[in-house]
Amino acid sequence: MTLLESEIPINHLLLYHGILESEVGESLDAYLAEPSLDNAVLLARALWETGQSLRDYLIEAVRYDENPFTLAAERGPVSSAMRAAAEHDLYILGKAAQIQLPPSLPTPPNEEQTTEWAKSLAVSDDWRPFVEPLAEAIRLGGAGDRGRYFAFRWESGTLQGIDHPDPIRLEDLIGNEEAKSLVVRNTEQLLRGLPANNLLLYGDRGTGKSSTVKALVHRFGPEGLRLVEVSRDDANALGAVMRTLQELPQKFILFLDDLSFEEAETSYKQFKAILEGSLEQRPRNVAVYATSNRKHLIRERRSDRLTGGGNEDLNPRDTIEETKSLSDRFGMTIIFSSPDQEQYLEIVSALAAQRGIDIPPVELRQQALQWSLWHNGRSGRTARQFIDDLCGRLGIEVR
């Protein structure tokens, strides 16, 4: 059956009607209702805003729209009624994807699709047979933004997808191998549905604590891991974040970078209860990973360790125990140590090899040591910053 453009009932979508709320969707609806040149222009403009052809736009929308069908597919097999409704919508969207605007109105070209089910949609004029492959892709990769993104930021009470997460990979990080292996092992346990601990990554600045956590999403994102960055100011919202995530099939790491509290603050007590101690159980699909330069997270004064001499606390030992109690709520404290000179130079040498830098080893060593003296001391971060600068001076592009 072939439908004329004016006969495509795009406004009869049952599940995917949210597509019509976008600028492209509204323009498409208007053009199908009245295929005038003015409406064609509006649709072409909307497509150029996205940089996608109409076909590619609709294929992406079919995959990443969040609706009753995609949410059900994310959790497992869908009912026959849901499958029928999805087939109804895919038929309409498949016909809409074939629309050709007037030749005088160029639109973005079709791109080559990268997944098998999307390739099939791209060459078919009937999308109904692809409900099952689509549902399988959603089950494996996630619905909505959970399928589109591996990394998120918690903002204003919602998850915001991060388009371009830090590209650092675990194999790019040199040194602290035992610490990294502990983080990876705990993450693998989380992914397998086994008991996993909250982690505190502690050590000097520049030793790779934050980079290790960020790199996890590239290693394990395709396996269902999602990384959620939570700011220190939102630390007490962890309970709300966990409740948002607890029914989802993916596994989540809530990442708090450079976490610490001042001695006068009391908000850490609520954060401590959220980690361990509240009546509400931590979801099995969520773990908290925090990094800090302070082992106990709460600033301590020397007077806290005195038994007199200006210390007004009648039980100073209790004060000391209180400062330790927060870090104790993390199941594991993993220490990242600063490299000595030879380890620092090994990191520099390995990074230089990764980037294809070809200069005499003696010269590389001399420049690296000079850089560490002039800048931030010896650390993995300092080594990377030196190599970045060297690549810039040598005209080597970083990909």
# chains A, B, ... in the order shown; residues from 1 in each chain; ligands from 1

$ residues_around --residues "stretch 93-98 of chain A" --least-positions-apart "2" --cutoff "7 Å" --atoms "only C-alpha atoms" --output "list in words"
Ile8, Leu54, Arg55, Leu58, Asp89, Leu90, Tyr91, Gln100, Asp125, Asp126 and Trp127 of chain A

$ write_last_selection --atoms "C-alpha atoms" --output "compact mmCIF listing (two decimals), in the first residue's frame"
# COMPACT_ATOMS: atom_id res chain seq x y z
CA ILE A 8 0.15 9.79 5.94
CA LEU A 54 14.36 13.30 7.49
CA ARG A 55 15.02 9.57 7.21
CA LEU A 58 13.17 9.50 12.22
CA ASP A 89 3.55 3.64 14.57
CA LEU A 90 6.54 2.25 12.70
CA TYR A 91 4.43 1.86 9.59
CA GLN A 100 10.86 13.92 -0.78
CA ASP A 125 9.64 1.21 2.91
CA ASP A 126 7.83 -0.80 5.60
CA TRP A 127 9.26 -0.58 9.12

$ closest_atom_pairs --of "stretch 54-149 of chain A" --to "stretch 224-242 of chain A" --cutoff "8 Å" --atoms "only C-alpha atoms" --output "tab-separated table"
residue	atom	partner	partner_atom	distance
A:Leu140	CA	A:Gly224	CA	7.7
A:Gly141	CA	A:Gly224	CA	6.9
A:Gly142	CA	A:Gly224	CA	7.9
A:Arg146	CA	A:Arg226	CA	7.8

$ residues_around --residues "A:Glu111" --least-positions-apart "3" --cutoff "10 Å" --atoms "only C-alpha atoms" --output "PDB file with C-alpha atoms, in the first residue's frame"
ATOM      1  CA  GLN A  52      20.103  15.207   9.585  1.00  0.00           C
ATOM      2  CA  SER A  53      17.994  14.006   6.704  1.00  0.00           C
ATOM      3  CA  ARG A  55      15.021   9.567   7.210  1.00  0.00           C
ATOM      4  CA  ASP A  56      17.964   9.640   9.606  1.00  0.00           C
ATOM      5  CA  PRO A 108      20.979  17.181   4.622  1.00  0.00           C
ATOM      6  CA  THR A 114      26.023   1.770  11.703  1.00  0.00           C
ATOM      7  CA  ALA A 122      17.184   2.783   5.917  1.00  0.00           C
TER       8      ALA A 122
END

$ residues_around --residues "A:Ile387" --least-positions-apart "6" --cutoff "8 Å" --atoms "only C-alpha atoms" --output "list in words"
Val348, Leu351 and Ala352 of chain A

$ atom_distance --atom1 "atom CA of A:Gln354" --atom2 "atom CA of A:Glu188"
26.7 Å

$ closest_residue --among "A:Gln189, A:Ser104, A:Gln281, A:Ser22" --to "A:Leu37" --atoms "only C-alpha atoms"
A:Ser104

$ select_by_dssp --residues "stretch 120-305 of chain A" --states "strand (DSSP E or B)" --output "ChimeraX atom specification"
/A:151-155,158-161,199-203,225-229,251-256,261,286-292,298

$ residues_around --residues "A:His218" --least-positions-apart "4" --cutoff "8 Å" --atoms "only C-alpha atoms" --output "PyMOL selection string"
chain A and resi 167+169+214+222

$ residues_around --residues "A:Val131" --least-positions-apart "2" --cutoff "8 Å" --atoms "only C-alpha atoms" --output "ChimeraX atom specification"
/A:83,86-87,90,127-129,133-135

$ write_last_selection --atoms "N, CA and C atoms" --output "mmCIF file, in the first residue's frame"
data_model
loop_
_atom_site.group_PDB
_atom_site.id
_atom_site.type_symbol
_atom_site.label_atom_id
_atom_site.label_comp_id
_atom_site.auth_asym_id
_atom_site.auth_seq_id
_atom_site.Cartn_x
_atom_site.Cartn_y
_atom_site.Cartn_z
ATOM 1 N N ARG A 83 3.311 -4.611 21.035
ATOM 2 C CA ARG A 83 3.989 -4.846 19.763
ATOM 3 C C ARG A 83 3.119 -4.365 18.597
ATOM 4 N N ALA A 86 3.280 -0.636 18.414
ATOM 5 C CA ALA A 86 4.570 -0.209 17.868
ATOM 6 C C ALA A 86 4.608 -0.420 16.356
ATOM 7 N N GLU A 87 4.077 -1.534 15.878
ATOM 8 C CA GLU A 87 4.031 -1.777 14.430
ATOM 9 C C GLU A 87 3.190 -0.711 13.728
ATOM 10 N N LEU A 90 5.395 2.390 13.596
ATOM 11 C CA LEU A 90 6.538 2.251 12.701
ATOM 12 C C LEU A 90 6.100 2.281 11.240
ATOM 13 N N TRP A 127 8.457 -0.398 7.913
ATOM 14 C CA TRP A 127 9.261 -0.584 9.115
ATOM 15 C C TRP A 127 8.628 -1.558 10.113
ATOM 16 N N ARG A 128 7.450 -2.064 9.829
ATOM 17 C CA ARG A 128 6.765 -2.932 10.798
ATOM 18 C C ARG A 128 7.556 -4.190 11.150
ATOM 19 N N PRO A 129 8.210 -4.843 10.199
ATOM 20 C CA PRO A 129 8.909 -6.091 10.566
ATOM 21 C C PRO A 129 10.090 -5.913 11.511
ATOM 22 N N PRO A 133 13.788 -6.523 16.249
ATOM 23 C CA PRO A 133 15.191 -6.079 16.311
ATOM 24 C C PRO A 133 15.357 -4.758 17.053
ATOM 25 N N LEU A 134 14.391 -3.855 16.879
ATOM 26 C CA LEU A 134 14.446 -2.582 17.597
ATOM 27 C C LEU A 134 14.309 -2.806 19.098
ATOM 28 N N ALA A 135 13.362 -3.649 19.502
ATOM 29 C CA ALA A 135 13.173 -3.925 20.926
ATOM 30 C C ALA A 135 14.422 -4.558 21.534
#

$ residues_around --residues "A:Leu20" --least-positions-apart "5" --cutoff "9 Å" --atoms "only C-alpha atoms" --output "list in words"
Ile10, Asn11, Gly25, Glu26, Ser27, Leu28 and Asp29 of chain A

$ write_last_selection --atoms "C-alpha atoms" --output "CSV table (one decimal), in the first residue's frame"
chain,number,residue,atom,x,y,z
A,10,ILE,CA,1.3,11.2,11.3
A,11,ASN,CA,-1.0,12.7,14.0
A,25,GLY,CA,8.0,16.9,14.2
A,26,GLU,CA,5.8,20.0,14.2
A,27,SER,CA,7.1,21.0,10.7
A,28,LEU,CA,6.5,17.5,9.4
A,29,ASP,CA,3.0,17.4,10.8
